[in-house]
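Engineer: Quick one, coords.txt (compact mmCIF, C-alpha atoms and all ligand atoms):
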```txt
# COMPACT_ATOMS: atom_id res chain seq x y z
CA MET A 1 -1.61 12.25 26.26
CA LEU A 2 2.06 13.12 26.31
CA ALA A 3 3.75 13.52 29.64
CA ASP A 4 4.57 17.20 30.33
CA THR A 5 8.23 16.28 30.60
CA SER A 6 8.37 14.63 27.17
CA GLU A 7 10.33 16.39 24.45
CA HIS A 8 8.10 14.74 21.89
CA LYS A 9 4.98 16.22 20.47
CA ILE A 10 2.44 14.29 18.42
CA GLU A 11 0.86 16.53 15.79
CA ILE A 12 -1.57 16.13 12.95
CA VAL A 13 0.22 16.81 9.66
CA ASP A 14 -0.95 19.53 7.29
CA ARG A 15 0.59 21.40 4.34
CA LYS A 16 2.45 23.81 6.61
CA ILE A 17 4.50 21.16 8.41
CA VAL A 18 4.59 18.34 5.87
CA GLY A 19 8.22 19.11 4.91
CA LYS A 20 9.35 18.06 8.39
CA TYR A 21 8.16 14.50 7.71
CA GLU A 22 9.02 13.86 4.06
CA HIS A 23 12.11 11.82 4.94
CA LEU A 24 9.97 9.32 6.85
CA VAL A 25 8.04 7.90 3.85
CA SER A 26 9.12 5.90 0.79
CA PRO A 27 9.26 7.75 -2.57
CA ALA A 28 6.03 5.99 -3.62
CA ASN A 29 4.20 7.55 -0.67
CA GLY A 30 5.81 10.99 -0.98
CA SER A 31 3.02 12.37 -3.15
CA VAL A 32 0.41 10.81 -0.85
CA LEU A 33 1.93 12.57 2.16
CA GLN A 34 1.72 15.89 0.32
CA GLN A 35 -2.07 15.52 0.40
CA ALA A 36 -2.19 15.16 4.21
CA ASN A 37 -5.00 17.30 5.52
CA PRO A 38 -6.52 17.22 9.02
CA GLN A 39 -10.04 17.37 7.53
CA GLY A 40 -9.35 15.41 4.34
CA ALA A 41 -9.17 11.80 3.23
CA THR A 42 -5.38 11.57 3.67
CA LEU A 43 -4.52 11.60 7.33
CA ALA A 44 -1.08 11.70 8.93
CA PHE A 45 0.27 12.16 12.44
CA GLY A 46 3.88 13.05 13.06
CA CYS A 47 6.10 12.97 16.11
CA ASP A 48 8.14 16.14 16.48
CA ARG A 49 11.21 16.56 18.63
CA HIS A 50 12.93 19.95 18.70
CA ASP A 51 11.25 20.85 15.40
CA HIS A 52 12.41 17.69 13.59
CA GLY A 53 10.14 14.86 12.51
CA CYS A 54 11.17 11.56 14.11
CA GLY A 55 8.06 9.44 13.51
CA LEU A 56 5.18 9.37 11.06
CA ILE A 57 2.01 7.43 10.44
CA LEU A 58 0.27 7.98 7.10
CA GLY A 59 -3.09 6.64 5.99
CA TYR A 60 -6.55 7.42 4.72
CA VAL A 61 -10.12 7.62 5.98
CA ASN A 62 -13.16 7.31 3.76
CA PRO A 63 -16.26 8.72 5.48
CA VAL A 64 -18.53 7.24 2.79
CA SER A 65 -17.35 3.62 2.91
CA LYS A 66 -16.47 4.06 6.63
CA LYS A 67 -13.18 2.30 5.97
CA GLY A 68 -9.70 3.59 6.50
CA GLY A 69 -6.19 2.29 6.33
CA ILE A 70 -2.57 2.77 7.22
CA THR A 71 -0.21 3.20 4.32
CA SER A 72 2.99 3.60 6.27
CA ILE A 73 4.32 3.80 9.82
CA TYR A 74 7.92 4.68 10.45
CA VAL A 75 9.98 5.86 13.40
CA ALA A 76 13.52 7.17 12.86
CA ARG A 77 16.10 4.67 14.07
CA HIS A 78 17.47 6.91 16.83
CA ALA A 79 13.98 7.52 18.23
CA ARG A 80 12.76 3.91 18.45
CA ARG A 81 11.66 2.05 21.57
CA ASN A 82 10.24 5.15 23.23
CA GLY A 83 6.59 4.40 22.62
CA ILE A 84 6.36 6.65 19.55
CA GLY A 85 5.19 3.92 17.13
CA SER A 86 2.51 2.75 19.59
CA THR A 87 1.31 6.30 20.21
CA LEU A 88 1.12 7.18 16.51
CA LEU A 89 -0.87 4.02 15.80
CA ARG A 90 -3.28 4.73 18.65
CA ARG A 91 -3.74 8.38 17.64
CA PHE A 92 -4.50 7.41 14.06
CA THR A 93 -6.98 4.76 15.20
CA ASP A 94 -8.72 7.18 17.59
CA GLU A 95 -9.04 9.84 14.89
CA ALA A 96 -10.39 7.35 12.32
CA GLN A 97 -12.95 6.21 14.87
CA LEU A 98 -13.99 9.80 15.59
CA ARG A 99 -14.42 10.30 11.84
CA GLY A 100 -16.88 7.39 11.79
CA CYS A 101 -14.69 4.60 10.40
CA ASN A 102 -15.90 1.06 11.17
CA SER A 103 -12.67 -0.64 10.21
CA LEU A 104 -9.04 0.08 9.43
CA HIS A 105 -6.67 -1.87 7.21
CA ALA A 106 -2.89 -2.16 7.36
CA PHE A 107 -0.07 -4.49 6.37
CA TYR A 108 3.48 -5.43 7.18
CA LEU A 109 6.06 -7.34 5.18
CA GLY A 110 7.78 -10.57 6.18
CA ALA A 111 11.50 -11.31 6.45
CA ARG A 112 12.56 -7.82 7.56
CA PRO A 113 14.18 -6.71 10.82
CA SER A 114 11.01 -4.78 11.68
CA THR A 115 8.63 -7.69 10.89
CA PRO A 116 8.27 -9.10 14.44
CA ILE A 117 8.07 -5.57 15.91
CA LEU A 118 5.25 -4.48 13.59
CA LYS A 119 3.43 -7.80 14.19
CA HIS A 120 3.70 -7.25 17.93
CA LEU A 121 2.71 -3.58 17.69
CA PHE A 122 -0.48 -4.31 15.72
CA GLU A 123 -1.39 -7.39 17.76
CA THR A 124 -1.02 -5.47 21.01
CA GLN A 125 -3.54 -2.90 19.78
CA GLY A 126 -6.12 -5.51 18.77
CA TRP A 127 -5.49 -5.87 15.02
CA ASP A 128 -6.24 -9.21 13.35
CA GLU A 129 -4.42 -10.76 10.42
CA THR A 130 -6.90 -11.37 7.57
CA ARG A 131 -4.77 -12.94 4.86
CA THR A 132 -1.26 -13.30 3.58
CA ARG A 133 -0.18 -12.38 0.11
CA THR A 134 3.18 -13.08 -1.44
CA ILE A 135 5.41 -10.69 -3.31
CA TYR A 136 7.44 -12.52 -5.96
CA SER A 137 10.56 -10.55 -6.85
CA ILE A 138 12.14 -10.55 -10.26
CA SER A 139 15.59 -9.09 -10.78
CA GLN A 140 16.41 -6.76 -13.66
CA ALA A 141 18.36 -9.55 -15.42
CA ASP A 142 15.48 -12.00 -15.04
CA GLY A 143 13.03 -9.27 -16.08
CA ARG A 144 14.89 -8.94 -19.38
CA ARG A 145 14.76 -12.73 -19.84
CA LEU A 146 11.05 -12.63 -19.07
CA VAL A 147 10.35 -10.06 -21.80
CA ARG A 148 11.89 -12.51 -24.29
CA ALA A 149 9.82 -15.51 -23.11
CA PRO A 150 7.66 -16.99 -25.91
CA TRP A 151 4.39 -16.26 -24.07
CA MET A 152 5.42 -12.62 -23.72
CA ARG A 153 5.02 -11.92 -27.44
CA ARG A 154 2.54 -9.05 -27.87
CA PRO A 155 -0.53 -10.61 -29.51
CA VAL A 156 -3.04 -8.84 -31.76
CA LEU A 157 -6.01 -7.94 -29.56
CA PRO A 158 -9.41 -9.41 -30.41
CA ALA A 159 -11.69 -6.97 -32.26
CA GLY A 160 -13.30 -4.35 -30.04
CA PHE A 161 -10.64 -4.64 -27.30
CA ALA A 162 -7.96 -2.06 -26.53
CA ILE A 163 -5.23 -1.70 -23.90
CA GLU A 164 -4.48 1.88 -22.94
CA PRO A 165 -2.54 3.76 -20.25
CA TRP A 166 -4.31 4.54 -16.97
CA SER A 167 -4.17 8.23 -17.88
CA THR A 168 -7.09 7.62 -20.28
CA VAL A 169 -9.44 6.90 -17.37
CA SER A 170 -11.77 9.86 -16.89
CA GLU A 171 -13.11 11.35 -13.65
CA ASP A 172 -16.57 10.11 -14.65
CA GLU A 173 -15.32 6.55 -15.07
CA LEU A 174 -13.62 6.70 -11.69
CA ALA A 175 -16.79 8.03 -10.08
CA LEU A 176 -18.77 5.17 -11.64
CA LEU A 177 -16.30 2.60 -10.34
CA GLN A 178 -16.47 4.19 -6.91
CA THR A 179 -20.27 3.92 -6.87
CA GLU A 180 -20.11 0.26 -7.95
CA HIS A 181 -17.38 -0.40 -5.38
CA LEU A 182 -19.59 0.86 -2.57
CA ARG A 183 -22.48 -1.35 -3.73
CA SER A 184 -20.50 -4.59 -4.00
CA PRO A 185 -17.08 -5.82 -2.94
CA LEU A 186 -16.15 -6.54 -6.57
CA TYR A 187 -13.05 -4.40 -6.40
CA ASP A 188 -11.82 -5.27 -2.89
CA GLY A 189 -8.08 -5.76 -3.02
CA VAL A 190 -7.83 -4.55 -6.62
CA TRP A 191 -9.02 -0.96 -6.23
CA PRO A 192 -6.37 1.61 -7.23
CA VAL A 193 -4.78 2.95 -4.05
CA ALA A 194 -5.81 6.26 -2.53
CA GLY A 195 -3.48 9.02 -3.63
CA SER A 196 -2.73 7.38 -6.96
CA SER A 197 0.80 6.22 -6.27
CA TYR A 198 0.64 3.84 -9.23
CA ASP A 199 3.22 4.01 -11.97
CA HIS A 200 1.96 5.93 -14.97
CA ASP A 201 4.34 4.33 -17.47
CA THR A 202 3.24 0.74 -16.82
CA THR A 203 -0.29 0.84 -15.33
CA VAL A 204 -2.69 -0.18 -18.09
CA VAL A 205 -6.43 -0.56 -18.56
CA LEU A 206 -8.46 -2.86 -20.76
CA ARG A 207 -11.44 -1.56 -22.72
CA HIS A 208 -14.13 -3.30 -24.74
CA HIS A 209 -15.81 -0.97 -27.22
CA GLY A 210 -14.57 1.88 -25.04
CA GLN A 211 -15.95 0.51 -21.76
CA LEU A 212 -13.45 0.03 -18.92
CA ILE A 213 -13.44 -3.71 -18.12
CA GLY A 214 -10.09 -4.33 -16.46
CA TRP A 215 -6.78 -2.96 -15.29
CA PHE A 216 -3.33 -3.89 -14.15
CA ILE A 217 -2.01 -1.49 -11.54
CA THR A 218 1.69 -1.14 -10.87
CA VAL A 219 3.17 0.90 -8.03
CA ARG A 220 6.62 2.45 -7.90
CA VAL A 221 7.65 1.52 -4.38
CA SER A 222 11.08 3.13 -4.74
CA PRO A 223 13.23 4.31 -7.67
CA ASN A 224 14.55 0.74 -7.93
CA LEU A 225 11.39 -1.21 -7.32
CA LEU A 226 8.23 -1.48 -9.35
CA ARG A 227 5.44 -3.59 -7.93
CA TYR A 228 2.87 -5.28 -10.16
CA GLU A 229 -0.03 -5.77 -7.83
CA ARG A 230 -3.64 -5.34 -8.94
CA LEU A 231 -4.80 -7.34 -11.89
CA PHE A 232 -8.53 -7.12 -12.50
CA VAL A 233 -10.83 -8.23 -15.31
CA ARG A 234 -14.61 -7.96 -14.92
CA PRO A 235 -16.10 -11.41 -14.17
CA GLU A 236 -18.02 -11.67 -17.46
CA TYR A 237 -14.77 -11.23 -19.42
CA ARG A 238 -12.71 -13.80 -17.51
CA LYS A 239 -11.25 -17.07 -18.82
CA PHE A 240 -10.35 -15.56 -22.21
CA GLY A 241 -6.72 -14.84 -21.33
CA LEU A 242 -7.34 -11.07 -21.17
CA GLY A 243 -5.53 -10.76 -17.82
CA THR A 244 -2.42 -12.25 -19.41
CA LEU A 245 -2.64 -9.65 -22.19
CA LEU A 246 -2.60 -6.88 -19.59
CA ILE A 247 0.46 -8.42 -17.94
CA ILE A 248 2.27 -8.76 -21.27
CA GLU A 249 1.57 -5.14 -22.18
CA SER A 250 2.65 -3.80 -18.81
CA VAL A 251 5.91 -5.77 -18.76
CA HIS A 252 6.75 -4.51 -22.26
CA ARG A 253 6.04 -0.94 -21.21
CA HIS A 254 8.31 -1.48 -18.20
CA GLN A 255 11.28 -2.64 -20.23
CA PRO A 256 12.63 0.77 -21.37
CA TYR A 257 12.58 1.95 -17.74
CA MET A 258 14.52 -1.01 -16.30
CA ARG A 259 17.81 0.20 -14.92
CA SER A 260 20.70 -1.99 -13.88
CA SER A 261 19.53 -2.31 -10.28
CA GLU A 262 15.82 -2.47 -10.98
CA PHE A 263 13.60 -5.17 -9.54
CA ALA A 264 9.98 -5.91 -10.07
CA GLY A 265 7.67 -7.64 -7.64
CA TRP A 266 4.41 -9.46 -8.31
CA MET A 267 1.95 -9.48 -5.46
CA THR A 268 -0.67 -12.22 -5.34
CA ASN A 269 -3.13 -13.50 -2.74
CA ASP A 270 -2.02 -16.84 -1.37
CA ASP A 271 -5.52 -18.21 -2.02
CA ASN A 272 -5.77 -16.95 -5.61
CA ALA A 273 -5.56 -20.33 -7.38
CA ALA A 274 -5.74 -18.86 -10.90
CA MET A 275 -2.88 -16.41 -10.32
CA LEU A 276 -0.78 -18.99 -8.49
CA ALA A 277 -1.18 -21.37 -11.42
CA PHE A 278 -0.18 -18.53 -13.77
CA ILE A 279 2.92 -17.81 -11.69
CA GLU A 280 3.81 -21.50 -11.67
CA ARG A 281 3.42 -21.77 -15.45
CA GLY A 282 4.81 -18.46 -16.64
CA LEU A 283 6.92 -16.85 -13.94
CA ALA A 284 8.43 -19.52 -11.68
CA SER A 285 11.77 -19.66 -13.46
CA TYR A 286 12.20 -15.84 -13.27
CA ILE A 287 11.52 -15.38 -9.56
CA THR A 288 14.48 -14.39 -7.41
CA ARG A 289 12.81 -14.37 -3.97
CA LYS A 290 9.45 -14.38 -2.21
CA VAL A 291 8.30 -12.07 0.62
CA ALA A 292 5.13 -12.44 2.65
CA HIS A 293 2.72 -9.47 2.77
CA HIS A 294 0.51 -9.70 5.86
CA ASP A 295 -2.86 -7.91 5.68
CA LEU A 296 -4.45 -6.73 8.90
CA VAL A 297 -7.78 -5.31 9.98
CA LYS A 298 -8.96 -3.53 13.09
CA HIS A 299 -12.67 -3.34 13.72
CA LEU A 300 -13.64 -0.11 15.42
CA GLY A 301 -16.54 0.34 17.77
CA PRO A 302 -18.26 3.64 18.54
CA PRO A 303 -15.88 6.54 19.43
CA GLN A 304 -14.28 6.38 22.91
CA LEU A 305 -12.72 9.09 25.05
CA ALA A 306 -9.04 9.60 24.22
CA ASP A 307 -6.73 7.11 25.89
CA ASP A 308 -4.40 9.03 28.17
CA GLU A 309 -1.95 6.22 28.67
CA HIS A 310 0.25 7.02 25.70
CA ARG A 311 3.76 6.43 26.83
CA ILE A 312 6.40 8.57 25.24
CA GLN A 313 9.74 8.86 26.92
CA ALA A 314 12.56 11.20 25.97
CA CYS A 315 14.89 9.79 23.31
C1 LIG A 401 7.96 -0.70 13.96
C2 LIG A 401 8.30 0.71 14.47
C3 LIG A 401 7.33 1.71 13.85
C4 LIG A 401 8.14 0.73 15.99
O1 LIG A 401 8.35 2.06 16.43
P1 LIG A 401 8.79 2.35 17.95
O2 LIG A 401 8.60 3.80 18.22
O3 LIG A 401 10.13 1.79 18.20
O4 LIG A 401 7.69 1.49 18.71
P2 LIG A 401 7.35 1.48 20.26
O5 LIG A 401 8.49 2.08 21.04
O6 LIG A 401 6.02 2.09 20.45
O7 LIG A 401 7.31 -0.08 20.56
C5 LIG A 401 6.18 -0.86 20.20
C6 LIG A 401 6.35 -2.25 20.80
O8 LIG A 401 7.37 -2.95 20.06
C7 LIG A 401 8.41 -3.35 20.92
N1 LIG A 401 9.68 -3.14 20.23
C8 LIG A 401 10.05 -2.02 19.57
N2 LIG A 401 11.29 -2.22 19.05
C9 LIG A 401 11.66 -3.45 19.41
C10 LIG A 401 12.82 -4.23 19.18
N3 LIG A 401 13.85 -3.74 18.47
N4 LIG A 401 12.89 -5.47 19.69
C11 LIG A 401 11.85 -5.98 20.41
N5 LIG A 401 10.71 -5.29 20.66
C12 LIG A 401 10.64 -4.05 20.17
C13 LIG A 401 8.31 -2.43 22.13
O9 LIG A 401 8.87 -3.02 23.28
C14 LIG A 401 6.82 -2.24 22.24
O10 LIG A 401 6.25 -3.39 22.85
P3 LIG A 401 5.26 -3.24 24.13
O11 LIG A 401 4.12 -2.37 23.65
O12 LIG A 401 4.86 -4.66 24.42
O13 LIG A 401 6.06 -2.60 25.20
C15 LIG A 401 9.78 1.06 14.13
O14 LIG A 401 10.61 0.01 14.60
C16 LIG A 401 10.02 1.27 12.67
O15 LIG A 401 9.77 2.35 12.13
N6 LIG A 401 10.51 0.23 11.95
C17 LIG A 401 10.58 0.28 10.50
C18 LIG A 401 9.17 0.07 10.00
C19 LIG A 401 9.01 0.04 8.55
O16 LIG A 401 9.81 -0.58 7.86
N7 LIG A 401 7.96 0.71 8.08
C20 LIG A 401 7.64 0.75 6.69
C21 LIG A 401 6.56 -0.24 6.36
S1 LIG A 401 4.96 0.24 6.87
```
Go ahead and express the file in the form of structure tokens.
Ligand SMILES: CC(C)(COP(=O)(O)OP(=O)(O)OC[C@H]1O[C@@H](n2cnc3c(N)ncnc32)[C@H](O)[C@@H]1OP(=O)(O)O)[C@@H](O)C(=O)NCCC(=O)NCCS

Structural biologist:
Amino acid sequence: MLADTSEHKIEIVDRKIVGKYEHLVSPANGSVLQQANPQGATLAFGCDRHDHGCGLILGYVNPVSKKGGITSIYVARHARRNGIGSTLLRRFTDEAQLRGCNSLHAFYLGARPSTPILKHLFETQGWDETRTRTIYSISQADGRRLVRAPWMRRPVLPAGFAIEPWSTVSEDELALLQTEHLRSPLYDGVWPVAGSSYDHDTTVVLRHHGQLIGWFITVRVSPNLLRYERLFVRPEYRKFGLGTLLIIESVHRHQPYMRSSEFAGWMTNDDNAAMLAFIERGLASYITRKVAHHDLVKHLGPPQLADDEHRIQAC
């Protein structure tokens, strides 16, 4: 609970107050924040000071799968080191637990000024690191070289196969995927993110006689950064090079949108031998830099009484 003397107020974000917090999320998460709803799947808590947002945590809770996650946590520079980040994280966790979540997922990136602070913040509140992925960045100049690489030539698809934009995926197909996803972990790590922040120009799906059998999801992290991050082909269709076809198609669709400052990033699990071999073979000479992406989990027990030790001091 906030001290009576604190000028800060933690509040759950809804449509009425969302405007106060828009500046605290990346463009890719802007549309996700718009869906914040105290009773809905998109959950956000903000920290208000004198009617201005100075901190925000944004995430999701899924009462069916009993999983939730944190998409973004950010405290305005001038407001840091007052316990706001810790309090937002704890409030989100408490609420997810009350809503019946068994676990929460989050991540932080390596090699940034905030990296050790986020690591410390999550560790202090009992989060465990589950795996590390790597984001391989490609500059706009190298992206243009990549499009001209011999293996990037658009091949003729085998009969019965088609690559189409994500917009062709129907509500029924999504519902079917969701049902399958709950039954087996087939789509863990490759499921399209809640709130659909993927890029509509470059996210593509693979069909075989009309049936959805794969996808390559890209996310626009900021106006200058597109992230290629979820490549999936159903197990029975693997080892035929179909994943590479999805990559080729997506990169070609990206080309007209590359601006002078644009970068692309490829995100791959550090234990994904097939993808690492692909990167080594096809991408290594186009990569400008590598950034670690640390995935975290917090296992939640049954709901507890609210912790009243939240420490927020005046900025
Ligand atoms: C990480 C962040 C949310 C922390 O917010 P905050 O309100 O400053 O956090 P708190 O005041 O609650 O501090 C949390 C802990 O980190 C420590 N900490 C915070 N800033 C620190 C700094 N600059 N140096 C060392 N430790 C620091 C605090 O001492 C505290 O530790 P304790 O619990 O052991 O006392 C904030 O720095 C931030 O928004 N950074 C940018 C994050 C970002 O890039 N987000 C987007 C990706 S999700």

Engineer: When the cut-off is 9 Å and you count all atoms listed in the file, which residues lie near ligand LIG 401 (chain A), shown as JSON, numbers by chain?

Structural biologist: {"A": [24, 25, 26, 55, 56, 57, 70, 71, 72, 73, 74, 75, 76, 77, 79, 80, 81, 82, 83, 84, 85, 86, 87, 88, 89, 106, 107, 108, 109, 112, 113, 114, 115, 116, 117, 118, 119, 120, 121, 122, 124, 125, 311, 312]}

Engineer: May I ask for the distance between atom CA of A:Val219 and atom CA of A:Val32, given in Å to one decimal place?

Structural biologist: 12.5 Å

Engineer: With all atoms listed in the file as the atoms that count, which of A:Leu246, A:Leu283, A:Val297, A:Leu212 lies nearest to A:Ala149?

Structural biologist: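 Nearest to A:Ala149: A:Leu283.
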
Engineer: To one decimal place, how far is atom CA of A:Arg183 from atom CA of A:Arg207 in Å?

Structural biologist: 22.0 Å

Engineer: Can you measure atom CA of A:Thr42 to atom CA of A:Arg91 for me? One decimal in Å is fine.

Structural biologist: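 It comes out at 14.4 Å.
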
Engineer: Determine the nearest neighbour of A:Thr268 from the options A:Val221, A:Leu231, A:Cys54, A:Ile138, counting only C-alpha atoms.

Structural biologist: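 Smallest distance to A:Thr268 is found for A:Leu231.
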
Engineer: Ranking A:Ile279, A:Leu33, A:Leu182, A:Leu300 by minimum distance to A:Val13 and counting all atoms listed in the file, which one comes first?

Structural biologist: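 Of A:Ile279, A:Leu33, A:Leu182, A:Leu300, the one nearest A:Val13 is A:Leu33, counting all atoms listed in the file.
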
Engineer: I need the residue nearest A:Gln255 from this list: A:Arg148, A:Arg281, A:Lys67, A:His293. Use all atoms listed in the file for the distance.

Structural biologist: A:Arg148

Engineer: Pick out the residues sitting within 10 Å of A:Arg15, and hand them over as a PyMOL selection string; count all atoms listed in the file, and ignore anything fewer than 3 positions along from it in its own chain.

Structural biologist: chain A and resi 18-19+33-38

Engineer: Would you kindly return, as a VMD selection string, each protein, DNA or RNA residue with an atom no farther than 6 Å from any atom of stretch 161-168 of chain A, considering all atoms listed in the file and excluding same-chain residues fewer than 6 positions away?

Structural biologist: chain A and resid 203 to 208

Engineer: Considering only C-alpha atoms, state which residue in the set A:Gly265, A:Gly126, A:Gly214, A:Gly40 is at the smallest distance from A:Ile12.

Structural biologist: A:Gly40

Engineer: Choose the residue, out of A:Leu146, A:Pro158, A:His181, A:Ser285, that has the smallest atom-to-atom separation from A:Phe240; count only C-alpha atoms.

Structural biologist: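 Result for the nearest residue to A:Phe240: A:Pro158.
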
Engineer: Show which residues sit within 9 Å of A:Met152, as an NGL selection string. Count all atoms listed in the file, and ignore same-chain residues fewer than 4 positions away.

Structural biologist: :A and (146-148 or 244-245 or 247-249 or 251-252)

Engineer: Write out as a short mmCIF file (atom, residue, chain, number, x, y, z; two decimals) with C-alpha atoms, in the coordinates of the input which residues come within 7 Å of A:Cys47 when counting only C-alpha atoms, dropping same-chain ones fewer than 2 positions away.

Structural biologist:
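File produced: result-v5.cif:
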```
data_model
loop_
_atom_site.label_atom_id
_atom_site.label_comp_id
_atom_site.auth_asym_id
_atom_site.auth_seq_id
_atom_site.Cartn_x
_atom_site.Cartn_y
_atom_site.Cartn_z
CA HIS A 8 8.10 14.74 21.89
CA LYS A 9 4.98 16.22 20.47
CA ILE A 10 2.44 14.29 18.42
CA GLU A 11 0.86 16.53 15.79
CA PHE A 45 0.27 12.16 12.44
CA ARG A 49 11.21 16.56 18.63
CA GLY A 53 10.14 14.86 12.51
CA CYS A 54 11.17 11.56 14.11
CA GLY A 55 8.06 9.44 13.51
CA LEU A 56 5.18 9.37 11.06
#
```
